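Asks: Contents of run.tsv (TSV, C-alpha atoms and all ligand atoms):
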```tsv
chain	number	residue	atom	x	y	z
A	1	MET	CA	113.50	112.96	109.92
A	2	GLU	CA	114.67	115.69	107.57
A	3	TYR	CA	111.88	117.52	105.71
A	4	ARG	CA	112.27	119.35	102.40
A	5	GLN	CA	110.05	121.79	100.57
A	6	LEU	CA	108.48	120.13	97.53
A	7	GLY	CA	109.44	122.27	94.55
A	8	GLY	CA	107.97	125.75	94.60
A	9	SER	CA	104.96	124.66	96.69
A	10	GLY	CA	104.48	125.26	100.39
A	11	LEU	CA	104.38	121.52	101.12
A	12	GLN	CA	107.10	120.06	103.34
A	13	VAL	CA	107.78	116.36	102.78
A	14	PRO	CA	110.02	113.90	104.61
A	15	VAL	CA	113.04	113.01	102.47
A	16	LEU	CA	111.87	109.40	102.33
A	17	SER	CA	108.50	107.99	101.40
A	18	PHE	CA	107.47	104.36	101.23
A	19	GLY	CA	106.35	102.86	97.91
A	20	THR	CA	103.51	100.36	97.95
A	21	ALA	CA	103.91	98.69	94.56
A	22	THR	CA	104.77	95.60	96.61
A	23	PHE	CA	101.31	95.54	98.23
A	24	GLY	CA	98.90	92.93	96.90
A	25	GLY	CA	100.89	90.83	94.47
A	26	ALA	CA	97.97	90.47	92.03
A	27	GLY	CA	98.90	89.40	88.49
A	28	GLU	CA	102.24	88.05	87.28
A	29	PHE	CA	104.10	91.36	87.14
A	30	PHE	CA	103.08	92.62	90.58
A	31	LYS	CA	103.44	89.17	92.13
A	32	ALA	CA	107.12	89.28	91.19
A	33	TRP	CA	107.41	92.85	92.55
A	34	GLY	CA	106.11	91.92	96.01
A	35	GLN	CA	103.33	90.05	97.80
A	36	THR	CA	102.77	92.08	100.97
A	37	GLN	CA	99.30	91.47	102.42
A	38	LEU	CA	97.44	93.56	105.00
A	39	ASP	CA	99.01	92.32	108.26
A	40	ASP	CA	102.54	92.82	106.98
A	41	ALA	CA	101.56	96.10	105.31
A	42	LYS	CA	100.41	97.43	108.69
A	43	LYS	CA	103.75	96.46	110.24
A	44	LEU	CA	105.70	98.17	107.45
A	45	VAL	CA	103.56	101.31	107.68
A	46	HIS	CA	104.17	101.50	111.43
A	47	LEU	CA	107.92	100.96	111.00
A	48	CYS	CA	107.85	103.97	108.67
A	49	MET	CA	105.83	106.06	111.12
A	50	ASP	CA	108.23	105.18	113.96
A	51	ALA	CA	111.11	106.42	111.79
A	52	GLY	CA	109.27	109.67	110.95
A	53	VAL	CA	108.37	108.61	107.40
A	54	ASN	CA	104.71	109.58	107.05
A	55	PHE	CA	104.51	109.74	103.25
A	56	PHE	CA	103.16	106.77	101.25
A	57	ASP	CA	103.15	106.42	97.47
A	58	THR	CA	100.79	104.21	95.50
A	59	ALA	CA	99.00	104.08	92.12
A	60	ASP	CA	95.66	102.89	90.79
A	61	VAL	CA	97.38	100.27	88.62
A	62	TYR	CA	99.43	98.64	91.40
A	63	SER	CA	97.96	95.14	91.59
A	64	GLY	CA	94.90	96.49	89.76
A	65	GLY	CA	93.75	98.63	92.72
A	66	VAL	CA	94.59	96.13	95.47
A	67	ALA	CA	97.65	98.11	96.63
A	68	GLU	CA	95.46	101.20	97.20
A	69	GLU	CA	92.95	99.06	99.10
A	70	ILE	CA	95.63	97.58	101.37
A	71	LEU	CA	97.21	100.99	101.97
A	72	GLY	CA	93.79	102.46	102.81
A	73	LYS	CA	93.18	99.76	105.41
A	74	ALA	CA	96.71	100.04	106.83
A	75	LEU	CA	96.22	103.79	107.32
A	76	LEU	CA	92.87	103.60	109.10
A	77	GLY	CA	93.10	105.72	112.23
A	78	ILE	CA	96.25	107.57	111.14
A	79	ARG	CA	95.12	109.05	107.82
A	80	ASN	CA	95.34	112.62	109.08
A	81	GLU	CA	98.95	112.13	110.18
A	82	VAL	CA	100.20	111.08	106.75
A	83	LEU	CA	100.64	112.22	103.17
A	84	VAL	CA	99.30	109.93	100.46
A	85	SER	CA	100.23	110.15	96.81
A	86	THR	CA	98.64	108.13	94.07
A	87	LYS	CA	98.52	108.15	90.28
A	88	ALA	CA	96.27	107.67	87.28
A	89	THR	CA	96.59	107.56	83.48
A	90	PHE	CA	97.46	103.98	82.67
A	91	LYS	CA	95.00	101.39	81.44
A	92	MET	CA	93.07	99.42	84.05
A	93	GLY	CA	91.09	96.61	82.52
A	94	GLU	CA	89.64	96.66	79.01
A	95	ASP	CA	87.90	100.06	79.07
A	96	PRO	CA	89.10	102.16	76.12
A	97	ASN	CA	88.80	105.26	78.28
A	98	TYR	CA	92.09	105.64	80.05
A	99	GLY	CA	94.81	108.29	79.85
A	100	SER	CA	94.45	111.81	81.18
A	101	SER	CA	91.03	112.84	79.86
A	102	ARG	CA	88.59	114.73	82.11
A	103	PHE	CA	86.28	111.73	81.97
A	104	HIS	CA	88.92	109.24	83.08
A	105	LEU	CA	90.61	111.42	85.70
A	106	ILE	CA	87.41	112.32	87.56
A	107	ARG	CA	86.38	108.68	87.60
A	108	SER	CA	89.90	107.60	88.65
A	109	VAL	CA	90.01	110.04	91.56
A	110	GLU	CA	86.63	108.77	92.81
A	111	ASN	CA	87.83	105.15	92.55
A	112	SER	CA	91.14	105.88	94.33
A	113	LEU	CA	89.36	107.76	97.13
A	114	ARG	CA	87.05	104.79	97.64
A	115	ARG	CA	89.86	102.22	97.64
A	116	LEU	CA	92.01	104.38	99.94
A	117	GLN	CA	89.03	105.07	102.25
A	118	THR	CA	89.84	108.75	102.36
A	119	ASP	CA	88.21	112.01	101.28
A	120	HIS	CA	91.34	113.52	99.72
A	121	ILE	CA	94.60	112.67	97.98
A	122	ASP	CA	97.58	114.80	98.97
A	123	ILE	CA	99.57	114.49	95.74
A	124	TYR	CA	97.90	113.27	92.55
A	125	HIS	CA	100.29	112.20	89.78
A	126	MET	CA	99.75	111.83	86.08
A	127	HIS	CA	101.57	108.48	85.79
A	128	GLY	CA	102.66	109.25	82.23
A	129	PHE	CA	102.03	111.82	79.49
A	130	ASP	CA	98.90	111.20	77.41
A	131	GLY	CA	99.51	112.56	73.92
A	132	ASN	CA	95.90	111.88	72.85
A	133	THR	CA	94.29	114.24	75.33
A	134	PRO	CA	94.73	118.02	75.01
A	135	VAL	CA	96.97	119.23	77.83
A	136	GLU	CA	94.36	121.94	78.53
A	137	GLU	CA	91.71	119.27	79.20
A	138	THR	CA	93.95	117.42	81.68
A	139	LEU	CA	95.06	120.49	83.59
A	140	HIS	CA	91.60	122.05	83.72
A	141	ALA	CA	90.16	118.80	85.13
A	142	LEU	CA	92.99	118.61	87.71
A	143	ASP	CA	92.41	122.24	88.70
A	144	ASP	CA	88.70	121.49	89.20
A	145	LEU	CA	89.60	118.46	91.34
A	146	ILE	CA	91.78	120.70	93.53
A	147	SER	CA	88.93	123.23	93.83
A	148	SER	CA	86.57	120.43	94.85
A	149	GLY	CA	88.95	119.47	97.69
A	150	LYS	CA	89.47	115.93	96.40
A	151	ILE	CA	93.15	116.46	95.67
A	152	ARG	CA	95.62	118.88	97.27
A	153	TYR	CA	98.56	119.07	94.83
A	154	ILE	CA	99.32	117.75	91.36
A	155	ALA	CA	102.50	116.16	90.06
A	156	CYS	CA	103.63	114.39	86.91
A	157	SER	CA	105.65	111.25	86.37
A	158	ASN	CA	107.75	109.95	83.50
A	159	PHE	CA	107.34	113.14	81.45
A	160	SER	CA	109.82	114.40	78.85
A	161	GLY	CA	111.22	117.89	79.23
A	162	TRP	CA	108.80	119.31	76.66
A	163	HIS	CA	105.79	117.58	78.25
A	164	LEU	CA	106.65	119.28	81.53
A	165	MET	CA	107.32	122.71	80.04
A	166	LYS	CA	104.17	122.66	77.89
A	167	SER	CA	102.08	121.67	80.92
A	168	LEU	CA	103.59	124.36	83.13
A	169	SER	CA	103.07	127.06	80.55
A	170	ILE	CA	99.43	126.07	80.00
A	171	SER	CA	98.78	126.13	83.77
A	172	GLU	CA	100.40	129.56	83.89
A	173	ARG	CA	98.37	130.85	80.91
A	174	TYR	CA	95.03	129.93	82.48
A	175	GLY	CA	95.94	130.46	86.14
A	176	TRP	CA	95.46	126.76	86.92
A	177	ALA	CA	97.34	124.69	89.49
A	178	LYS	CA	100.81	123.61	88.35
A	179	TYR	CA	102.70	120.37	88.73
A	180	ILE	CA	104.77	120.87	91.88
A	181	ALA	CA	106.84	117.72	91.47
A	182	HIS	CA	108.08	115.23	88.95
A	183	GLN	CA	108.16	111.60	90.08
A	184	ALA	CA	111.02	110.25	88.03
A	185	TYR	CA	113.34	107.29	87.66
A	186	TYR	CA	116.81	108.28	88.87
A	187	SER	CA	119.64	106.27	90.39
A	188	LEU	CA	123.41	105.89	90.25
A	189	LEU	CA	122.86	103.31	87.52
A	190	ASP	CA	120.70	105.51	85.26
A	191	ARG	CA	121.38	109.23	85.38
A	192	GLU	CA	119.59	110.49	82.24
A	193	PHE	CA	117.27	112.47	84.53
A	194	GLU	CA	120.13	114.94	84.97
A	195	TRP	CA	120.32	115.96	81.31
A	196	GLU	CA	117.01	117.73	80.75
A	197	LEU	CA	114.56	117.11	83.58
A	198	MET	CA	116.77	118.20	86.47
A	199	PRO	CA	117.74	121.58	84.93
A	200	ALA	CA	114.06	122.10	84.00
A	201	GLY	CA	113.13	121.30	87.60
A	202	ILE	CA	115.68	123.78	88.92
A	203	ASP	CA	114.52	126.50	86.55
A	204	GLN	CA	110.80	125.92	87.14
A	205	LYS	CA	110.91	125.00	90.84
A	206	VAL	CA	109.53	121.52	90.23
A	207	GLY	CA	110.72	119.18	92.98
A	208	THR	CA	111.88	115.64	92.31
A	209	ILE	CA	110.36	112.54	93.87
A	210	VAL	CA	112.68	109.68	92.94
A	211	TRP	CA	111.33	106.24	92.06
A	212	SER	CA	113.35	103.00	92.00
A	213	PRO	CA	116.38	104.49	93.80
A	214	LEU	CA	118.07	101.07	93.79
A	215	ALA	CA	117.32	100.44	90.10
A	216	SER	CA	114.88	97.65	91.07
A	217	GLY	CA	117.40	96.12	93.45
A	218	GLN	CA	120.38	96.12	91.07
A	219	LEU	CA	122.07	98.51	93.52
A	220	GLY	CA	121.03	96.48	96.57
A	221	GLY	CA	124.28	94.53	96.83
A	222	LYS	CA	123.13	91.18	95.39
A	223	PHE	CA	124.48	91.90	91.90
A	224	ARG	CA	128.25	91.44	92.00
A	225	ARG	CA	131.09	91.03	89.55
A	226	GLY	CA	131.99	87.38	88.99
A	227	GLN	CA	128.82	86.07	90.61
A	228	PRO	CA	125.69	84.67	88.92
A	229	ILE	CA	122.74	87.04	88.47
A	230	PRO	CA	120.67	86.60	91.66
A	231	ALA	CA	117.55	84.52	91.10
A	232	ASP	CA	115.85	85.95	94.20
A	233	ASN	CA	115.80	89.51	92.83
A	234	ARG	CA	112.49	90.89	91.65
A	235	ARG	CA	113.94	91.99	88.32
A	236	SER	CA	115.22	88.47	87.67
A	237	GLN	CA	111.69	87.27	88.48
A	238	GLY	CA	110.07	89.55	85.86
A	239	GLY	CA	108.82	92.23	88.26
A	240	SER	CA	110.47	95.30	86.80
A	241	HIS	CA	110.91	97.20	83.60
A	242	GLY	CA	113.68	99.57	82.65
A	243	PRO	CA	116.63	99.67	80.32
A	244	GLU	CA	118.67	96.59	79.61
A	245	THR	CA	121.49	96.31	82.12
A	246	ASP	CA	125.02	97.21	81.09
A	247	PHE	CA	126.64	94.80	83.54
A	248	GLU	CA	130.16	96.20	83.23
A	249	ARG	CA	128.81	99.63	84.16
A	250	LEU	CA	126.72	98.16	87.02
A	251	TYR	CA	129.71	96.31	88.50
A	252	THR	CA	131.94	99.41	88.27
A	253	ILE	CA	129.32	101.33	90.27
A	254	VAL	CA	128.83	98.49	92.78
A	255	ASP	CA	132.63	98.32	93.28
A	256	ALA	CA	132.65	102.06	94.13
A	257	LEU	CA	129.59	101.62	96.38
A	258	ASP	CA	131.36	98.76	98.17
A	259	ASP	CA	134.41	100.94	98.89
A	260	VAL	CA	132.29	103.82	100.20
A	261	ALA	CA	130.00	101.50	102.18
A	262	GLU	CA	133.01	100.05	103.96
A	263	GLU	CA	134.38	103.52	104.74
A	264	VAL	CA	131.10	104.76	106.26
A	265	GLY	CA	130.01	101.48	107.84
A	266	LYS	CA	126.72	101.36	105.90
A	267	SER	CA	125.25	98.96	103.36
A	268	VAL	CA	125.55	99.35	99.59
A	269	ALA	CA	121.81	100.10	99.40
A	270	GLN	CA	122.05	102.81	102.08
A	271	VAL	CA	124.94	104.53	100.30
A	272	ALA	CA	123.09	104.42	96.94
A	273	ILE	CA	120.03	106.08	98.54
A	274	ASN	CA	122.10	108.65	100.44
A	275	TRP	CA	123.88	109.72	97.21
A	276	LEU	CA	120.49	110.64	95.71
A	277	LEU	CA	119.67	112.86	98.69
A	278	GLN	CA	122.50	115.16	97.76
A	279	ARG	CA	121.36	115.78	94.19
A	280	PRO	CA	119.76	119.09	93.15
A	281	THR	CA	115.92	119.22	93.14
A	282	VAL	CA	115.55	115.90	95.01
A	283	ALA	CA	113.00	116.44	97.77
A	284	ASN	CA	111.94	112.87	98.35
A	285	ILE	CA	113.07	109.32	97.59
A	286	ILE	CA	110.48	106.55	97.42
A	287	ILE	CA	112.02	103.54	99.06
A	288	GLY	CA	110.90	100.05	98.11
A	289	ALA	CA	111.16	96.98	100.32
A	290	ARG	CA	109.97	93.41	99.96
A	291	ASN	CA	110.39	92.70	103.67
A	292	GLU	CA	110.96	94.31	107.07
A	293	GLU	CA	114.73	93.91	106.98
A	294	GLN	CA	115.05	95.84	103.71
A	295	LEU	CA	112.71	98.55	104.98
A	296	LYS	CA	114.63	98.99	108.26
A	297	GLN	CA	117.88	99.36	106.31
A	298	ASN	CA	116.39	101.87	103.89
A	299	LEU	CA	114.89	103.96	106.68
A	300	ALA	CA	118.41	104.26	108.09
A	301	ALA	CA	119.80	105.54	104.77
A	302	VAL	CA	119.23	109.12	105.95
A	303	GLY	CA	120.30	111.25	108.91
A	304	TRP	CA	123.96	111.23	107.83
A	305	ASN	CA	125.84	112.52	104.79
A	306	LEU	CA	128.47	111.17	102.44
A	307	THR	CA	131.60	113.34	102.28
A	308	THR	CA	132.40	115.41	99.18
A	309	GLU	CA	135.14	112.91	98.28
A	310	GLN	CA	132.76	109.94	98.60
A	311	VAL	CA	130.16	111.68	96.41
A	312	LYS	CA	132.88	112.44	93.86
A	313	LYS	CA	133.98	108.81	93.77
A	314	LEU	CA	130.39	107.68	93.10
A	315	ASP	CA	129.85	110.46	90.55
A	316	GLU	CA	132.93	109.39	88.65
A	317	ALA	CA	132.12	105.67	88.74
A	318	SER	CA	128.62	106.34	87.37
A	319	ALA	CA	129.42	109.13	84.89
A	320	VAL	CA	128.10	108.71	81.34
A	321	ALA	CA	129.07	110.46	78.11
A	322	PRO	CA	126.31	112.96	77.30
A	323	ILE	CA	124.23	112.66	74.14
A	324	TYR	CA	123.53	115.64	71.83
A	325	PRO	CA	122.90	118.53	72.56
A	326	TYR	CA	124.35	118.08	76.05
A	327	TRP	CA	127.88	117.28	74.89
A	328	HIS	CA	127.79	120.43	72.78
A	329	GLN	CA	126.56	122.50	75.69
A	330	LYS	CA	129.46	121.23	77.80
A	331	GLN	CA	131.96	122.64	75.31
A	332	ASP	CA	133.63	125.90	76.15
A	333	THR	CA	131.09	128.32	74.73
A	334	ASN	CA	131.21	130.74	77.70
A	335	LEU	CA	127.54	129.98	78.28
A	336	ASN	CA	126.09	128.26	81.31
A	337	PRO	CA	123.26	125.96	80.16
A	338	THR	CA	122.31	124.99	83.72
A	339	PRO	CA	120.31	127.36	85.90
A	340	LYS	CA	121.44	127.97	89.45
A	341	PHE	CA	119.93	125.62	92.03
A	342	TYR	CA	117.35	127.40	94.12
B	1	LIG	N1	106.11	106.55	88.89
B	1	LIG	C1	106.48	105.40	88.42
B	1	LIG	O1	106.35	105.13	87.21
B	1	LIG	C2	107.07	104.39	89.34
B	1	LIG	C3	107.71	103.25	88.82
B	1	LIG	C4	108.28	102.34	89.70
B	1	LIG	C5	108.20	102.55	91.07
B	1	LIG	N2	107.53	103.64	91.55
B	1	LIG	C6	107.41	103.86	93.02
B	1	LIG	O2	108.68	103.70	93.63
B	1	LIG	C7	108.60	102.72	94.66
B	1	LIG	C8	109.94	102.04	94.84
B	1	LIG	O3	110.31	101.43	93.62
B	1	LIG	P1	111.21	100.13	93.61
B	1	LIG	O4	110.57	99.07	94.42
B	1	LIG	O5	111.50	99.82	92.19
B	1	LIG	O6	112.52	100.65	94.37
B	1	LIG	P2	114.01	100.11	94.35
B	1	LIG	O7	114.57	100.51	95.65
B	1	LIG	O8	114.73	100.55	93.13
B	1	LIG	O9	113.88	98.54	94.25
B	1	LIG	C9	113.38	97.74	95.28
B	1	LIG	C10	114.18	96.45	95.28
B	1	LIG	O10	115.45	96.74	95.81
B	1	LIG	C11	115.87	95.72	96.66
B	1	LIG	N3	116.08	96.31	97.99
B	1	LIG	C12	115.30	97.17	98.65
B	1	LIG	N4	115.86	97.51	99.82
B	1	LIG	C13	117.01	96.82	99.89
B	1	LIG	C14	118.04	96.75	100.84
B	1	LIG	N5	118.01	97.47	101.97
B	1	LIG	N6	119.11	95.95	100.60
B	1	LIG	C15	119.17	95.24	99.47
B	1	LIG	N7	118.24	95.27	98.52
B	1	LIG	C16	117.16	96.06	98.74
B	1	LIG	C17	114.82	94.64	96.63
B	1	LIG	O11	115.29	93.75	95.63
B	1	LIG	P3	115.17	92.18	95.70
B	1	LIG	O12	114.09	91.91	94.75
B	1	LIG	O13	116.52	91.75	95.22
B	1	LIG	O14	114.86	91.76	97.09
B	1	LIG	C18	113.59	95.34	96.14
B	1	LIG	O15	112.79	94.49	95.38
B	1	LIG	C19	107.43	101.83	94.24
B	1	LIG	O16	106.86	101.09	95.29
B	1	LIG	C20	106.47	102.86	93.69
B	1	LIG	O17	105.77	103.49	94.75
B	1	LIG	C21	106.98	104.56	90.72
```
Could you render the structure from this file as structure tokens?
Ligand SMILES: NC(=O)c1ccc[n+]([C@@H]2O[C@H](COP(=O)([O-])OP(=O)(O)OC[C@H]3O[C@@H](n4cnc5c(N)ncnc54)[C@H](OP(=O)(O)O)[C@@H]3O)[C@@H](O)[C@H]2O)c1
Replies:
Amino acid sequence: MEYRQLGGSGLQVPVLSFGTATFGGAGEFFKAWGQTQLDDAKKLVHLCMDAGVNFFDTADVYSGGVAEEILGKALLGIRNEVLVSTKATFKMGEDPNYGSSRFHLIRSVENSLRRLQTDHIDIYHMHGFDGNTPVEETLHALDDLISSGKIRYIACSNFSGWHLMKSLSISERYGWAKYIAHQAYYSLLDREFEWELMPAGIDQKVGTIVWSPLASGQLGGKFRRGQPIPADNRRSQGGSHGPETDFERLYTIVDALDDVAEEVGKSVAQVAINWLLQRPTVANIIIGARNEEQLKQNLAAVGWNLTTEQVKKLDEASAVAPIYPYWHQKQDTNLNPTPKFY
């Protein structure tokens, strides 16, 4: 398994991790996402370990804490061989105290540690930006949690460019721990990540952990031109959010994926994941799977590389016209708005 350095930190991570939002299936939304219970979770975890994928991503909100509980049980006996990332910020239950306050984060870490049956979290993500809590309060609390040994590294998720830059500069000002990674939505279908967040990541040495690499299964090969929208997809069943689908764009990308998949003798899903591996700042891709077959395929999406021509074909099929100010920056101004990739 290929390992990459996560941003500017010293942490090496396998290029794939396994996402556990499918564990538990509690509540309508997560039931549609996946319904993996403990016995199957153990099998999936061990398939990952056999393939060299020892990094597991979860969140407090996944099935209201049940996903963390199942992951904790599935990792008993191998906890010291793996990396675990989890997240806090979003509302759990009716308590008005949620977000990224000191009060909520300290309580959330304690709850996640208990559910995961561990004494530390390797990467702790702010699941979203909380505009009601001073950024200083959040980062000071996270720095204290690192000092206490309860978390090892901090990362953010779903931040805007300015959220990230403000956070990094406040960490710098006070000498507190910095976000080493951004867990972000990025796929051939939706490439907005490249406009602001990727250049910021390059400039600031913030690594990218990609979520929903198959755009919730839309790039899994079931969605095809001229065919009905698949009823057995989790998005069709109400288990995903995300922008409304531009089907013409999706089918153009799937057509290109089909051509490349045939050339390389891989599946559409494997090619879509492999394309992401070649993008600047990407250190890790969180693969999702509702069953063993999907997981086995996704684990085999690495260990080989698309050619430059194949990448170009996929780039072109998925290209989008930039919004302002990116179209202006692309004009011939003799300036280079994008920092060099480290
Ligand atoms: N930070 C965040 O805000 C955030 C948000 C979302 C996810 N995440 C993390 O990212 C992880 C992965 O997200 P995701 O589940 O949305 O990933 P995804 O790969 O975009 O979507 C998974 C879906 O793709 C399809 N699929 C998976 N493997 C396939 C294969 N080999 N062939 C064909 N189809 C395949 C399945 O669709 P079908 O339903 O059609 O079977 C499955 O439900 C989550 O578990 C979580 O850890 C984080």
Asks: Fewer than 5 positions away in the same chain doesn't count, so skip those; otherwise give me all residues within 7 Å of Ser85 of chain A, counting only C-alpha atoms, as a PDB file with C-alpha atoms, in the coordinates of the input.
Replies:
```pdb
ATOM      1  CA  PHE A  56     103.160 106.770 101.250  1.00  0.00           C
ATOM      2  CA  ASP A  57     103.150 106.420  97.470  1.00  0.00           C
ATOM      3  CA  THR A  58     100.790 104.210  95.500  1.00  0.00           C
ATOM      4  CA  ILE A 121      94.600 112.670  97.980  1.00  0.00           C
ATOM      5  CA  ASP A 122      97.580 114.800  98.970  1.00  0.00           C
ATOM      6  CA  ILE A 123      99.570 114.490  95.740  1.00  0.00           C
ATOM      7  CA  TYR A 124      97.900 113.270  92.550  1.00  0.00           C
TER       8      TYR A 124
END
```
Asks: Please identify all polymer residues within 10 Å of segment 6-18 of chain A, counting only C-alpha atoms, omitting same-chain residues fewer than 6 positions from it, and present them as a PyMOL selection string.
Replies: chain A and resi 44-45+48+51-58+83-85+122+152-153+178-182+201-202+204-211+273+277+281-289+295+298-299+301-303+342
Asks: Select the residues contacting ligand LIG 1 (chain B) at a distance of at most 6 Å, based on all atoms listed in the file, then format the selection as number ranges by chain.
Replies: A: 19-21, 57-58, 127, 157, 183, 211-217, 220-221, 232-234, 269, 286-290, 294, 297-298
Asks: Choose the residue, out of A:Ala67, A:Val254, A:Arg191, A:Pro228, that has the smallest atom-to-atom separation from Ala321 of chain A; count only C-alpha atoms.
Replies: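 Nearest candidate to Ala321 of chain A out of A:Ala67, A:Val254, A:Arg191, A:Pro228: A:Arg191.
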Asks: Please return, as JSON, numbers by chain, all polymer residues that have at least one atom within 7 Å of the point (124.7, 92.3, 87.6); use only C-alpha atoms and the file's own coordinate frame.
Replies: {"A": [218, 223, 224, 225, 229, 247, 250, 251]}
Asks: For each of A:Trp275, A:Ser101, A:Trp176, A:Ser160, take the minimum atom-to-atom distance to Ile146 of chain A, counting all atoms listed in the file, then give the residue where this is smallest.
Replies: A:Trp176
Asks: Of the candidates A:Gln278, A:His140, A:Glu81, A:Leu71, which one gets nearest to Phe103 of chain A if we count only C-alpha atoms?
Replies: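 Residue with the minimum atom-to-atom distance to Phe103 of chain A: A:His140.
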Asks: Need the shell around Ala231 of chain A: protein/DNA/RNA residues with any atom at most 10 Å away, counting only C-alpha atoms. Skip same-chain ones fewer than 5 positions apart. Format as a PDB file with C-alpha atoms, in the coordinates of the input?
Replies:
```pdb
ATOM      1  CA  LYS A 222     123.130  91.180  95.390  1.00  0.00           C
ATOM      2  CA  SER A 236     115.220  88.470  87.670  1.00  0.00           C
ATOM      3  CA  GLN A 237     111.690  87.270  88.480  1.00  0.00           C
TER       4      GLN A 237
END
```
Asks: What does the distance from atom CA of Asn97 of chain A to atom CA of Lys31 of chain A come to in Å, to one decimal?
Replies: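 Value for the atom CA of Asn97 of chain A-atom CA of Lys31 of chain A distance: 25.8 Å.
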Asks: Would you mind reading off the distance between atom CA of Tyr326 of chain A and atom CA of Trp195 of chain A, one decimal, in Å?
Replies: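 Taking atom CA of Tyr326 of chain A and atom CA of Trp195 of chain A, their separation equals 7.0 Å.
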Asks: Using all atoms listed in the file, which residue out of A:Leu116, A:Val109, A:Ile151, A:Leu47 lies closest to Glu68 of chain A?
Replies: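 Among A:Leu116, A:Val109, A:Ile151, A:Leu47, it is A:Leu116 that comes nearest to Glu68 of chain A.
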Asks: Kindly output segment 96-109 of chain A as a PDB file, keeping the file's coordinate frame, after building N, CA and C atoms.
Replies:
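Output (part.pdb):
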```
ATOM      1  N   PRO A  96      88.272 101.329  76.999  1.00  0.00           N
ATOM      2  CA  PRO A  96      89.100 102.160  76.120  1.00  0.00           C
ATOM      3  C   PRO A  96      89.352 103.556  76.681  1.00  0.00           C
ATOM      4  N   ASN A  97      88.573 103.951  77.679  1.00  0.00           N
ATOM      5  CA  ASN A  97      88.800 105.260  78.280  1.00  0.00           C
ATOM      6  C   ASN A  97      89.812 105.157  79.403  1.00  0.00           C
ATOM      7  N   TYR A  98      91.044 105.510  79.044  1.00  0.00           N
ATOM      8  CA  TYR A  98      92.090 105.640  80.050  1.00  0.00           C
ATOM      9  C   TYR A  98      92.878 106.873  79.650  1.00  0.00           C
ATOM     10  N   GLY A  99      94.068 107.085  80.184  1.00  0.00           N
ATOM     11  CA  GLY A  99      94.810 108.290  79.850  1.00  0.00           C
ATOM     12  C   GLY A  99      94.460 109.418  80.787  1.00  0.00           C
ATOM     13  N   SER A 100      94.611 110.651  80.302  1.00  0.00           N
ATOM     14  CA  SER A 100      94.450 111.810  81.180  1.00  0.00           C
ATOM     15  C   SER A 100      93.290 112.706  80.743  1.00  0.00           C
ATOM     16  N   SER A 101      92.214 112.067  80.244  1.00  0.00           N
ATOM     17  CA  SER A 101      91.030 112.840  79.860  1.00  0.00           C
ATOM     18  C   SER A 101      90.273 113.269  81.123  1.00  0.00           C
ATOM     19  N   ARG A 102      89.447 114.300  80.984  1.00  0.00           N
ATOM     20  CA  ARG A 102      88.590 114.730  82.110  1.00  0.00           C
ATOM     21  C   ARG A 102      87.734 113.558  82.598  1.00  0.00           C
ATOM     22  N   PHE A 103      87.148 112.854  81.630  1.00  0.00           N
ATOM     23  CA  PHE A 103      86.280 111.730  81.970  1.00  0.00           C
ATOM     24  C   PHE A 103      87.021 110.712  82.837  1.00  0.00           C
ATOM     25  N   HIS A 104      88.192 110.302  82.365  1.00  0.00           N
ATOM     26  CA  HIS A 104      88.920 109.240  83.080  1.00  0.00           C
ATOM     27  C   HIS A 104      89.479 109.722  84.413  1.00  0.00           C
ATOM     28  N   LEU A 105      89.986 110.957  84.447  1.00  0.00           N
ATOM     29  CA  LEU A 105      90.610 111.420  85.700  1.00  0.00           C
ATOM     30  C   LEU A 105      89.591 111.585  86.821  1.00  0.00           C
ATOM     31  N   ILE A 106      88.419 112.133  86.497  1.00  0.00           N
ATOM     32  CA  ILE A 106      87.410 112.320  87.560  1.00  0.00           C
ATOM     33  C   ILE A 106      86.973 110.959  88.091  1.00  0.00           C
ATOM     34  N   ARG A 107      86.768 110.033  87.175  1.00  0.00           N
ATOM     35  CA  ARG A 107      86.380 108.680  87.600  1.00  0.00           C
ATOM     36  C   ARG A 107      87.518 108.020  88.396  1.00  0.00           C
ATOM     37  N   SER A 108      88.758 108.235  87.962  1.00  0.00           N
ATOM     38  CA  SER A 108      89.900 107.600  88.650  1.00  0.00           C
ATOM     39  C   SER A 108      90.067 108.138  90.053  1.00  0.00           C
ATOM     40  N   VAL A 109      89.884 109.459  90.222  1.00  0.00           N
ATOM     41  CA  VAL A 109      90.010 110.040  91.560  1.00  0.00           C
ATOM     42  C   VAL A 109      88.946 109.421  92.475  1.00  0.00           C
TER      43      VAL A 109
END
```
